[in-house]
file target_32.txt (compact mmCIF, C-alpha atoms)
# COMPACT_ATOMS: atom_id res chain seq x y z
CA MET A 256 -45.10 55.16 56.08
CA PRO A 257 -47.93 52.99 54.71
CA ARG A 258 -51.20 52.61 56.57
CA GLY A 259 -51.47 49.71 58.99
CA MET A 260 -48.07 50.51 60.56
CA PRO A 261 -48.69 52.72 63.61
CA HIS A 262 -45.42 54.20 64.87
CA GLY A 263 -43.52 52.03 62.44
CA ASN A 264 -44.69 48.80 64.07
CA SER A 265 -45.44 46.31 61.30
CA PHE A 266 -46.93 43.68 63.64
CA ARG A 267 -50.57 43.15 64.56
CA LYS A 268 -51.82 43.32 68.18
CA PHE A 269 -54.00 40.19 68.50
CA GLY A 270 -55.39 41.06 71.93
CA GLY A 271 -52.20 41.90 73.82
CA PRO A 272 -48.52 40.92 73.77
CA ASP A 273 -48.83 37.76 75.86
CA LYS A 274 -52.00 36.52 74.14
CA ARG A 275 -50.45 37.26 70.77
CA LEU A 276 -47.36 35.24 71.55
CA HIS A 277 -49.45 32.31 72.79
CA LEU A 278 -51.64 32.42 69.68
CA LEU A 279 -48.64 32.47 67.36
CA LYS A 280 -47.03 29.64 69.30
CA THR A 281 -50.08 27.38 68.74
CA LEU A 282 -50.27 28.33 65.06
CA VAL A 283 -46.55 27.68 64.48
CA ASN A 284 -46.75 24.30 66.19
CA ALA A 285 -49.85 23.40 64.17
CA LEU A 286 -48.12 24.35 60.91
CA ILE A 287 -45.11 22.22 61.73
CA LYS A 288 -47.38 19.28 62.59
CA HIS A 289 -49.89 19.45 59.73
CA GLU A 290 -47.90 21.42 57.11
CA ARG A 291 -51.03 23.20 55.87
CA LEU A 292 -53.43 25.48 57.79
CA GLU A 293 -56.55 27.43 56.96
CA THR A 294 -56.97 30.57 59.12
CA THR A 295 -57.74 34.24 58.78
CA PHE A 296 -55.39 36.22 56.58
CA ALA A 297 -54.03 38.26 59.52
CA LYS A 298 -53.02 35.19 61.53
CA ALA A 299 -51.54 33.45 58.50
CA TYR A 300 -49.48 36.52 57.58
CA GLU A 301 -48.00 36.72 61.08
CA THR A 302 -47.23 33.00 61.36
CA GLN A 303 -45.47 33.17 58.02
CA LYS A 304 -42.98 35.65 59.49
CA TYR A 305 -42.44 33.62 62.63
CA VAL A 306 -42.08 30.23 60.97
CA GLU A 307 -39.52 31.54 58.50
CA ARG A 308 -37.55 33.22 61.27
CA LEU A 309 -37.71 30.03 63.36
CA ILE A 310 -36.31 27.92 60.53
CA ASP A 311 -33.53 30.50 60.03
CA ILE A 312 -32.67 30.13 63.72
CA THR A 313 -32.63 26.31 63.58
CA LYS A 314 -30.04 26.54 60.81
CA TYR A 315 -27.52 27.66 63.45
CA GLY A 316 -27.70 24.19 64.97
CA LYS A 317 -28.82 22.69 68.23
CA SER A 318 -25.52 23.41 70.00
CA ASN A 319 -26.10 27.17 69.71
CA LEU A 320 -27.42 28.55 73.02
CA TYR A 321 -29.77 31.05 71.41
CA CYS A 322 -31.19 28.45 69.04
CA ASN A 323 -31.76 26.01 71.89
CA ASP A 324 -33.53 28.63 73.99
CA MET A 325 -35.86 29.76 71.23
CA VAL A 326 -36.71 26.30 69.92
CA ASN A 327 -37.50 25.07 73.43
CA PHE A 328 -39.98 27.91 73.82
CA TRP A 329 -41.62 27.87 70.40
CA VAL A 330 -41.73 24.11 69.86
CA PRO A 331 -42.01 22.56 73.34
CA GLU A 332 -43.16 19.10 72.21
CA GLU A 333 -40.33 16.71 71.45
CA ALA A 334 -42.08 15.06 68.49
CA GLN A 335 -42.38 18.40 66.69
CA GLN A 336 -38.81 19.36 67.60
CA ASN A 337 -37.53 16.16 66.05
CA LYS A 338 -39.60 16.80 62.93
CA LEU A 339 -38.20 20.33 62.73
CA PHE A 340 -34.57 19.23 62.92
CA ASN A 341 -34.72 15.94 61.03
CA VAL A 342 -37.33 16.58 58.32
CA LEU A 343 -37.74 20.32 57.73
CA LEU A 344 -34.09 21.43 58.07
CA PRO A 345 -32.72 19.12 55.33
CA ARG A 346 -35.68 20.04 53.13
CA TYR A 347 -34.89 23.76 53.38
CA SER A 348 -31.11 23.54 53.54
CA GLU A 349 -30.78 25.10 50.07
CA HIS A 350 -33.75 27.48 50.23
CA SER A 351 -32.64 30.99 51.13
CA ARG A 352 -35.70 32.67 52.57
CA LYS A 353 -39.20 31.69 51.51
CA TYR A 354 -40.16 28.43 53.14
CA THR A 355 -43.93 28.99 53.16
CA ARG A 356 -46.65 29.81 50.68
CA LEU A 357 -49.62 32.01 51.52
CA ALA A 358 -52.73 31.63 49.35
CA VAL A 359 -55.77 33.87 49.90
CA LEU A 360 -59.18 32.22 49.62
CA THR A 361 -62.19 33.77 47.90
CA GLU A 362 -64.48 35.88 50.04
CA TRP A 363 -68.00 34.81 50.90
CA THR A 364 -70.71 36.51 48.86
CA ASP A 365 -73.37 35.41 51.36
CA LYS A 366 -74.19 38.30 53.72
CA ASP A 367 -74.17 36.08 56.83
CA MET A 368 -70.79 34.50 56.14
CA LYS A 369 -69.15 37.73 55.00
CA SER A 370 -68.42 38.76 58.59
CA HIS A 371 -66.01 35.84 58.86
CA GLY A 372 -63.39 37.92 57.09
CA LYS A 373 -60.63 37.15 54.67
CA MET A 374 -59.53 33.53 54.97
CA ALA A 375 -56.20 32.22 53.78
CA VAL A 376 -54.25 29.00 53.53
CA ILE A 377 -50.62 28.81 54.65
CA GLU A 378 -48.49 25.80 53.79
CA LEU A 379 -44.85 24.76 54.02
CA LYS A 380 -43.22 24.28 50.63
CA GLY A 381 -42.39 20.75 49.57
CA ASN A 382 -45.16 19.16 51.62
CA PRO A 383 -46.52 15.73 50.66
CA LEU A 384 -50.14 16.89 50.41
CA PRO A 385 -51.82 17.40 46.98
CA PRO A 386 -50.79 20.78 45.57
CA LEU A 387 -52.86 23.92 46.01
CA PRO A 388 -54.43 25.39 42.86
CA VAL A 389 -52.17 28.43 43.08
CA LYS A 390 -51.11 30.23 39.92
CA GLU A 391 -47.32 30.27 39.76
CA ASP A 392 -45.28 32.14 37.17
CA ASN A 393 -44.78 30.20 33.95
CA PRO A 394 -41.01 29.82 33.50
CA HIS A 395 -41.36 29.20 29.78
CA THR A 396 -42.79 32.58 28.72
CA LEU A 397 -40.42 34.78 26.73
CA GLN A 398 -40.14 37.42 29.45
CA ASN A 399 -39.34 34.91 32.18
CA VAL A 400 -36.78 33.11 30.02
CA LEU A 401 -34.99 36.41 29.30
CA LEU A 402 -35.17 37.44 32.94
CA ALA A 403 -33.67 34.15 34.10
CA ALA A 404 -30.84 34.48 31.59
CA ALA A 405 -30.19 38.09 32.66
CA LYS A 406 -30.09 36.99 36.32
CA GLN A 407 -27.56 34.29 35.46
CA ASP A 408 -25.39 36.82 33.61
CA TRP A 409 -25.51 39.20 36.57
CA ASP A 410 -24.49 36.47 39.04
CA TYR A 411 -21.66 35.37 36.77
CA GLN A 412 -20.39 38.95 36.42
CA ARG A 413 -20.50 39.52 40.18
CA SER A 414 -18.60 36.32 40.95
CA ASN A 415 -15.98 37.20 38.31
CA VAL A 416 -15.46 40.72 39.69
CA LYS A 417 -15.01 39.36 43.22
CA GLU A 418 -12.37 36.84 42.15
CA ASN A 419 -10.47 39.57 40.28
CA MET B 117 47.51 14.02 38.26
CA ASN B 118 44.56 11.61 38.52
CA MET B 119 44.65 11.70 42.35
CA SER B 120 44.67 15.53 42.55
CA LEU B 121 41.77 15.68 40.05
CA LEU B 122 39.82 13.17 42.13
CA ARG B 123 40.43 15.22 45.28
CA VAL B 124 39.11 18.38 43.52
CA ILE B 125 36.00 16.55 42.33
CA ARG B 126 35.41 15.14 45.86
CA ARG B 127 35.69 18.64 47.31
CA LEU B 128 33.18 19.99 44.77
CA GLN B 129 30.77 17.15 45.68
CA SER B 130 30.72 17.98 49.42
CA SER B 131 27.46 18.05 51.40
CA PHE B 132 27.82 21.70 52.27
CA VAL B 133 24.51 23.65 52.06
CA ALA B 134 24.62 27.44 52.10
CA PRO B 135 22.42 28.91 54.89
CA GLN B 136 19.27 30.87 53.94
CA ARG B 137 19.59 34.59 53.97
CA PRO B 138 17.68 35.99 57.00
CA THR B 139 14.66 37.99 55.92
CA LEU B 140 12.47 40.43 57.87
CA ILE B 141 9.31 38.58 56.82
CA SER B 142 8.64 35.70 59.21
CA THR B 143 7.81 32.34 57.75
CA ASP B 144 5.55 31.33 60.69
CA ALA B 145 1.83 31.33 59.93
CA GLU B 146 0.29 34.64 60.96
CA LYS B 147 -2.15 34.31 63.83
CA PRO B 148 -5.56 35.60 62.86
CA ASN B 149 -7.25 38.40 64.78
CA VAL B 150 -9.47 37.24 67.60
CA GLU B 151 -13.19 37.30 66.85
CA GLY B 152 -14.46 40.57 68.27
CA ARG B 153 -11.22 42.47 67.66
CA GLU B 154 -11.02 42.61 63.90
CA ASP B 155 -9.12 45.14 61.84
CA ALA B 156 -11.03 48.44 61.86
CA ASN B 157 -10.88 48.64 58.08
CA LEU B 158 -12.90 45.42 57.90
CA PHE B 159 -15.30 45.64 60.81
CA SER B 160 -16.07 47.79 63.80
CA LEU B 161 -19.08 48.01 66.07
CA GLU B 162 -20.17 51.37 64.65
CA TYR B 163 -20.63 49.83 61.20
CA ILE B 164 -23.70 47.86 62.29
CA PRO B 165 -26.82 49.76 61.17
CA PRO B 166 -29.64 50.39 63.66
CA GLN B 167 -32.56 47.99 63.69
CA VAL B 168 -35.34 48.91 61.28
CA GLN B 169 -38.61 47.09 60.94
CA PRO B 170 -39.76 45.89 58.45
CA GLU B 171 -36.47 44.81 56.87
CA TRP B 172 -37.20 46.22 53.45
CA HIS B 173 -37.21 49.72 54.91
CA ARG B 174 -33.45 49.48 55.26
CA ASN B 175 -31.59 51.52 52.67
CA LYS B 176 -28.44 49.46 52.15
CA LEU B 177 -26.94 51.98 49.74
CA LYS B 178 -27.11 54.69 52.37
CA TYR B 179 -25.37 52.45 54.92
CA ARG B 180 -22.70 51.52 52.38
CA LEU B 181 -21.97 55.17 51.56
CA GLU B 182 -21.71 55.99 55.27
CA ARG B 183 -19.26 53.15 55.82
CA MET B 184 -17.19 54.41 52.87
CA ASP B 185 -17.02 57.82 54.54
CA CYS B 186 -15.85 56.19 57.77
CA LEU B 187 -13.14 54.40 55.79
CA ARG B 188 -12.02 57.69 54.24
CA ARG B 189 -11.67 59.27 57.68
CA ARG B 190 -9.77 56.26 59.00
CA GLN B 191 -7.27 56.62 56.17
CA ALA B 192 -6.60 60.22 57.26
CA ILE B 193 -6.26 59.63 61.01
CA ASP B 194 -5.47 56.63 63.17
CA ILE B 195 -8.48 55.79 65.34
CA PRO B 196 -7.58 53.06 67.84
CA GLU B 197 -9.86 50.32 69.01
CA PHE B 198 -11.41 51.03 72.43
CA TYR B 199 -14.36 50.03 74.58
CA PRO B 200 -16.35 51.76 77.32
CA GLY B 201 -14.08 51.77 80.37
CA SER B 202 -10.81 52.50 78.58
CA ILE B 203 -8.81 55.69 79.08
CA LEU B 204 -8.34 58.00 76.11
CA ALA B 205 -6.84 61.39 75.33
CA VAL B 206 -8.28 63.44 72.48
CA THR B 207 -6.67 66.53 70.87
CA VAL B 208 -9.17 68.80 69.16
CA ALA B 209 -8.54 71.80 66.91
CA ASP B 210 -9.58 75.04 68.63
CA ASN B 211 -9.08 78.51 67.14
CA TYR B 212 -9.02 80.33 70.47
CA ALA B 213 -6.77 77.98 72.42
CA PRO B 214 -3.00 78.52 72.84
CA GLY B 215 -1.33 76.35 70.22
CA LYS B 216 -4.62 76.13 68.32
CA SER B 217 -5.47 72.76 69.85
CA MET B 218 -6.88 71.43 73.12
CA ARG B 219 -6.21 68.11 74.77
CA PHE B 220 -8.61 66.32 77.10
CA ALA B 221 -8.04 62.96 78.75
CA GLY B 222 -10.68 60.83 80.39
CA ARG B 223 -12.37 57.48 80.84
CA CYS B 224 -14.90 56.48 78.20
CA LEU B 225 -18.38 56.14 79.71
CA TYR B 226 -20.25 54.97 76.61
CA LYS B 227 -19.84 54.68 72.86
CA ASP B 228 -23.02 54.85 70.84
CA GLY B 229 -24.25 55.49 67.33
CA PHE B 230 -23.95 54.28 63.78
CA GLY B 231 -21.38 55.32 61.18
CA LEU B 232 -20.40 58.98 61.21
CA GLY B 233 -22.75 59.66 64.11
CA CYS B 234 -20.72 57.51 66.50
CA LYS B 235 -20.30 59.46 69.75
CA PHE B 236 -18.36 58.74 72.92
CA VAL B 237 -18.10 60.53 76.24
CA LEU B 238 -14.95 61.02 78.29
CA ARG B 239 -15.10 61.76 82.01
CA ASN B 240 -12.34 63.24 84.13
CA VAL B 241 -12.30 64.56 87.69
CA ILE B 242 -10.20 67.77 87.86
CA ASP B 243 -9.82 69.50 91.25
CA ASN B 244 -12.71 67.51 92.74
CA GLU B 245 -14.96 68.61 89.89
CA GLY B 246 -16.33 66.06 87.44
CA VAL B 247 -15.99 67.09 83.80
CA GLU B 248 -17.48 65.24 80.85
CA LYS B 249 -16.94 65.88 77.19
CA MET B 250 -18.69 64.26 74.23
CA TYR B 251 -16.89 63.71 70.93
CA HIS B 252 -17.91 62.39 67.55
CA LEU B 253 -15.50 59.62 66.59
CA PHE B 254 -15.24 60.69 62.94
CA ALA B 255 -15.31 64.45 63.46
CA PRO B 256 -12.91 66.36 61.19
CA TYR B 257 -11.81 68.73 63.99
CA ILE B 258 -10.24 65.85 65.93
CA GLN B 259 -6.49 65.88 65.38
CA LYS B 260 -5.41 62.89 67.48
CA VAL B 261 -6.98 60.08 69.47
CA GLU B 262 -4.54 58.43 71.86
CA LEU B 263 -5.32 55.26 73.72
CA LEU B 264 -3.73 55.48 77.17
CA ARG B 265 -5.12 52.27 78.63
CA LEU B 266 -7.24 49.61 76.96
CA GLU B 267 -9.88 48.14 79.26
CA LYS B 268 -13.05 46.27 78.56
CA TRP B 269 -15.85 46.19 81.13
CA ILE B 270 -18.88 43.94 81.15
CA ASP B 271 -21.24 46.93 80.97
CA THR B 272 -21.27 49.16 77.92
CA ASP B 273 -23.06 51.98 79.77
CA LEU B 274 -20.88 53.21 82.65
CA ARG B 275 -22.84 56.30 83.64
CA PHE B 276 -23.07 55.01 87.21
CA LEU B 277 -19.44 56.10 87.65
CA ARG B 278 -20.81 59.61 88.15
CA ASP B 279 -22.18 58.42 91.50
CA ALA B 280 -19.21 56.31 92.53
CA ALA B 281 -18.14 56.58 96.19
CA ASP B 282 -14.48 56.67 95.21
CA GLN B 283 -14.12 59.25 92.43
CA SER B 284 -10.50 58.32 91.77
CA ILE B 285 -11.65 55.83 89.12
CA CYS B 286 -12.24 58.74 86.77
CA GLU B 287 -9.32 60.86 88.02
CA ILE B 288 -6.92 60.67 85.15
CA ASP B 289 -3.58 62.42 84.99
CA PRO B 290 -3.43 64.27 81.64
CA ASN B 291 0.30 63.54 81.44
CA MET B 292 -0.28 59.83 81.90
CA GLN B 293 2.00 57.62 79.88
CA ALA B 294 0.33 55.47 77.30
CA GLU B 295 0.39 51.75 78.08
CA SER B 296 0.81 49.48 75.10
CA PRO B 297 -2.40 47.54 74.52
CA LEU B 298 -2.66 43.80 73.98
CA PRO B 299 -2.21 42.81 70.32
CA LYS B 300 -5.35 41.98 68.40
CA THR B 301 -4.44 38.33 68.11
CA GLU B 302 -5.15 37.82 71.81
CA GLU B 303 -8.44 37.97 73.63
CA LEU B 304 -8.91 41.00 75.85
CA PRO B 305 -9.69 40.15 79.50
CA VAL B 306 -12.96 41.68 80.69
CA TYR B 307 -13.02 43.68 83.93
CA LYS B 308 -15.50 42.11 86.35
CA GLY B 309 -14.91 44.27 89.43
CA LYS B 310 -17.78 45.95 91.29
CA ILE B 311 -17.69 49.69 91.98
CA ARG B 312 -19.11 51.06 95.23
CA LEU B 313 -21.72 53.80 94.83
CA ARG B 314 -22.53 56.61 97.26
CA GLU B 315 -25.83 57.01 99.16
CA ILE B 316 -29.06 56.57 97.16
CA ALA B 317 -30.36 60.06 97.95
CA MET B 318 -27.52 61.53 95.88
CA TRP B 319 -27.95 59.26 92.87
CA GLU B 320 -28.64 60.90 89.56
CA PHE B 321 -30.62 57.94 88.31
CA LEU B 322 -32.04 54.84 90.01
CA TYR B 323 -29.55 52.35 88.66
CA HIS B 324 -31.29 49.31 90.12
CA LYS B 325 -34.32 49.97 87.90
CA GLN B 326 -32.25 49.82 84.74
CA TRP B 327 -32.62 46.63 82.75
CA PRO B 328 -30.28 44.84 82.17
CA ARG B 329 -28.95 45.71 85.59
CA PRO B 330 -25.34 47.02 85.57
CA TYR B 331 -22.98 44.25 86.58
CA ASN B 332 -20.05 46.48 87.47
CA ALA B 333 -22.03 48.46 90.06
CA TYR B 334 -22.17 47.14 93.63
CA LEU B 335 -25.91 47.45 94.26
CA GLU B 336 -26.10 44.79 96.99
CA GLU B 337 -24.83 47.40 99.47
CA HIS B 338 -28.02 49.47 99.13
CA PHE B 339 -30.64 46.81 98.40
CA ILE B 340 -31.47 43.43 99.90
CA GLU B 341 -31.76 40.39 97.68
CA GLU B 342 -35.56 40.33 97.89
CA GLU B 343 -35.84 43.85 96.48
CA LEU B 344 -33.68 42.99 93.49
CA ILE B 345 -35.67 39.81 92.83
CA GLU B 346 -38.88 41.88 93.01
CA ARG B 347 -37.44 44.19 90.36
CA GLU B 348 -36.73 41.22 88.15
CA LYS B 349 -40.28 39.93 88.57
CA ILE B 350 -41.77 43.32 87.68
CA HIS B 351 -39.62 43.47 84.58
CA TRP B 352 -40.61 39.94 83.63
CA GLN B 353 -44.32 40.70 83.98
CA THR B 354 -44.18 43.64 81.62
CA GLN B 355 -41.44 42.63 79.20
CA SER B 356 -41.44 38.84 79.10
CA HIS B 357 -42.94 38.76 75.63
CA LEU B 358 -39.91 40.50 74.16
CA LYS B 359 -37.48 37.78 75.18
CA TYR B 360 -39.03 35.17 72.89
CA ASP B 361 -40.36 37.42 70.15
CA ILE B 362 -37.97 36.20 67.47
CA CYS B 363 -39.11 38.56 64.74
CA LYS B 364 -38.17 41.59 66.85
CA HIS B 365 -34.70 40.32 67.72
CA TYR B 366 -31.78 41.79 65.83
CA ASP B 367 -29.65 39.09 64.23
CA VAL B 368 -26.16 40.59 64.09
CA THR B 369 -24.10 37.56 62.97
CA LYS B 370 -25.35 37.59 59.37
CA ILE B 371 -25.06 41.37 59.15
CA LYS B 372 -21.47 41.19 60.45
CA ALA B 373 -20.49 38.72 57.71
CA GLU B 374 -22.15 40.91 55.06
CA ILE B 375 -20.38 44.02 56.36
CA MET B 376 -16.97 42.33 56.32
CA ASP B 377 -17.54 41.19 52.73
CA GLU B 378 -18.61 44.67 51.74
CA MET B 379 -15.71 46.45 53.44
CA LYS B 380 -13.21 44.44 51.39
CA ASP B 381 -14.66 46.03 48.24
CA ASN B 382 -15.12 49.45 49.80
CA ARG B 383 -11.51 50.56 49.50
CA HIS B 384 -11.72 49.98 45.74
CA ARG B 385 -15.02 51.89 45.63
CA VAL B 386 -13.58 54.79 47.63
CA ASP B 387 -10.56 55.09 45.32
CA VAL B 388 -12.80 55.03 42.26
CA ALA B 389 -15.11 57.65 43.74
CA ASP B 390 -12.17 59.90 44.68
CA LYS B 391 -10.84 59.44 41.11
CA LYS B 392 -7.51 58.06 42.23
CA ILE B 393 -7.97 55.08 39.92
CA THR B 394 -10.30 54.32 37.04
CA ALA B 395 -13.17 51.92 37.45
CA ASP B 396 -11.60 49.32 35.15
CA ALA B 397 -8.62 48.69 37.40

call {"tool": "encode", "arguments": {"input": "target_32.txt", "output": "structure tokens"}}
result
Amino acid sequence: MPRGMPHGNSFRKFGGPDKRLHLLKTLVNALIKHERLETTFAKAYETQKYVERLIDITKYGKSNLYCNDMVNFWVPEEAQQNKLFNVLLPRYSEHSRKYTRLAVLTEWTDKDMKSHGKMAVIELKGNPLPPLPVKEDNPHTLQNVLLAAAKQDWDYQRSNVKEN
Amino acid sequence: MNMSLLRVIRRLQSSFVAPQRPTLISTDAEKPNVEGREDANLFSLEYIPPQVQPEWHRNKLKYRLERMDCLRRRQAIDIPEFYPGSILAVTVADNYAPGKSMRFAGRCLYKDGFGLGCKFVLRNVIDNEGVEKMYHLFAPYIQKVELLRLEKWIDTDLRFLRDAADQSICEIDPNMQAESPLPKTEELPVYKGKIRLREIAMWEFLYHKQWPRPYNAYLEEHFIEEELIEREKIHWQTQSHLKYDICKHYDVTKIKAEIMDEMKDNRHRVDVADKKITADA
């Protein structure tokens, strides 16, 4: 078991279970409203998990009891709920899992600011803001072209085997 | 000559249609199995793996191999579908018993575990003495599993029946005749009755402190409403964060669909592994 996972628990404590839930609730609501946040790395990492899980739940639809319950707790404001169902759901209808992007900022070299800790930026994909200067894999390198072709072959083989 | 020929032609052109030969295969559309009571070769509750966090710690190959082993066992013996609360009779191979096998009938108290580790407990009251026996569902020493009565209760953990006031619930005649269960195309009615328990001093476990509280146990006889509401408040104070912690919930619907897809291919995989057919077929 890697370090940072006491008793197999891969979640951070954040000052207690109730405080943690309240903190994550504010962060999730802020992300849905502003679509890009700058926080500490720990908070951003946790909100990433919760936002992605929340969007997975909203895909079940508003008529689902469980979905209704959870969305009413996590996104209590009606304006944000409408944004979640009408704007974010159609945007991520084809995405399978990763709806957010986490970019780590450079650390302060100044001794006084170093105690602020590792800062990070979390954003929802497909947002209308100017893009972050994040290095993404170049799809035109030889390796990536071959990998994409191999992936296509594998998917084609699997679909063929299933039909037969 | 012309008239007789015309009459023959008219007879050949009659509107007589030969009836269809009756076949044993019905032409009506087959009703599908009710959701929750699927074919055991496709899905059963013991095929759902236990929750592991984080998700990438799950070893899907290991779960697939275990499900294949369950399928192999199900091909050898007929394991019926049952829920906690139903009455079963199990024959087990025993070297030192007369006839080399032993039969025990009882009511299922709980069914727990994943894959080959799926266990269930049968309880019977013989001569005013309660007897419980635990079996592994896929054990190779089990020769026969007979379903005597199919019942489904709201609770899946019926251990409070040990402290029932009327012990005849678990008194099962070993020579009981098997009742034919409802077909899988119909929904099984759930038993919502409440069982009276004996005095609290004799209880094995404080059932009112269990959460979720057992529905099928009549606790209102021993506690007033205020006490039960207090219990709920205490539970809410300590465990309220778990109800809305979505990352710690276990989403079973997606896993069920994946398992059903996988089990369709598993028979082919099992035959290939047991070298009954080649991999190309």

call {"tool": "atom_distance", "arguments": {"input": "target_32.txt", "atom1": "atom CA of Ser351 of chain A", "atom2": "atom CA of Pro272 of chain A"}}
result
29.4 Å

call {"tool": "interface_residues", "arguments": {"input": "target_32.txt", "of": "chain B", "to": "chain A", "cutoff": "12 Å", "atoms": "only C-alpha atoms", "output": "PyMOL selection string"}}
result
chain B and resi 167-173+352-367+369-370+377-378+380-381+384+395-397

call {"tool": "residues_near_point", "arguments": {"input": "target_32.txt", "point": "(-58.7, 33.3, 58.0)", "cutoff": "12 Å", "atoms": "all atoms listed in the file", "output": "JSON, numbers by chain"}}
result
{"A": [292, 293, 294, 295, 296, 297, 298, 299, 300, 301, 302, 357, 358, 359, 360, 361, 362, 363, 369, 370, 371, 372, 373, 374, 375, 376, 377]}

call {"tool": "residues_around", "arguments": {"input": "target_32.txt", "residues": "segment 202-213 of chain B", "least_positions_apart": "5", "cutoff": "9 Å", "atoms": "all atoms listed in the file", "output": "tab-separated table (two decimals) with C-alpha atoms, keeping the file's coordinate frame"}}
result
chain	number	residue	atom	x	y	z
B	218	MET	CA	-6.88	71.43	73.12
B	219	ARG	CA	-6.21	68.11	74.77
B	220	PHE	CA	-8.61	66.32	77.10
B	221	ALA	CA	-8.04	62.96	78.75
B	222	GLY	CA	-10.68	60.83	80.39
B	223	ARG	CA	-12.37	57.48	80.84
B	224	CYS	CA	-14.90	56.48	78.20
B	225	LEU	CA	-18.38	56.14	79.71
B	238	LEU	CA	-14.95	61.02	78.29
B	251	TYR	CA	-16.89	63.71	70.93
B	257	TYR	CA	-11.81	68.73	63.99
B	258	ILE	CA	-10.24	65.85	65.93
B	259	GLN	CA	-6.49	65.88	65.38
B	260	LYS	CA	-5.41	62.89	67.48
B	261	VAL	CA	-6.98	60.08	69.47
B	262	GLU	CA	-4.54	58.43	71.86
B	263	LEU	CA	-5.32	55.26	73.72
B	264	LEU	CA	-3.73	55.48	77.17
B	265	ARG	CA	-5.12	52.27	78.63
B	266	LEU	CA	-7.24	49.61	76.96
B	267	GLU	CA	-9.88	48.14	79.26
B	268	LYS	CA	-13.05	46.27	78.56
B	269	TRP	CA	-15.85	46.19	81.13
B	286	CYS	CA	-12.24	58.74	86.77
B	288	ILE	CA	-6.92	60.67	85.15
B	290	PRO	CA	-3.43	64.27	81.64

call {"tool": "atom_distance", "arguments": {"input": "target_32.txt", "atom1": "atom CA of Met376 of chain B", "atom2": "atom CA of Trp409 of chain A"}}
result
21.7 Å

call {"tool": "closest_residue", "arguments": {"input": "target_32.txt", "among": "A:Ser414, A:Thr396, A:Leu401, A:Asn382", "to": "Arg291 of chain A", "atoms": "all atoms listed in the file"}}
result
A:Asn382

call {"tool": "closest_residue", "arguments": {"input": "target_32.txt", "among": "B:Leu298, B:Leu277, B:Cys234, B:Met292", "to": "Leu161 of chain B", "atoms": "only C-alpha atoms"}}
result
B:Cys234

call {"tool": "closest_residue", "arguments": {"input": "target_32.txt", "among": "B:Ser160, B:Thr301, B:Asn240, B:Asn149", "to": "Asp289 of chain B", "atoms": "all atoms listed in the file"}}
result
B:Asn240

call {"tool": "axis_aligned_box", "arguments": {"input": "target_32.txt", "around": "segment 336-343 of chain B", "padding_each_side": "3 Å", "output": "lines of an AutoDock Vina configuration file"}}
result
center_x = -30.3
center_y = 44.9
center_z = 98.2
size_x = 17.0
size_y = 15.1
size_z = 9.4

call {"tool": "atom_distance", "arguments": {"input": "target_32.txt", "atom1": "atom CA of Arg312 of chain B", "atom2": "atom CA of Tyr226 of chain B"}}
result
19.1 Å

call {"tool": "residues_around", "arguments": {"input": "target_32.txt", "residues": "Leu379 of chain A", "least_positions_apart": "3", "cutoff": "9 Å", "atoms": "all atoms listed in the file", "output": "PyMOL selection string"}}
result
chain A and resi 286-287+290-291+354-356+382

call {"tool": "closest_residue", "arguments": {"input": "target_32.txt", "among": "B:Asn291, B:Glu320, B:Lys300, B:Pro200", "to": "Glu146 of chain B", "atoms": "all atoms listed in the file"}}
result
B:Lys300
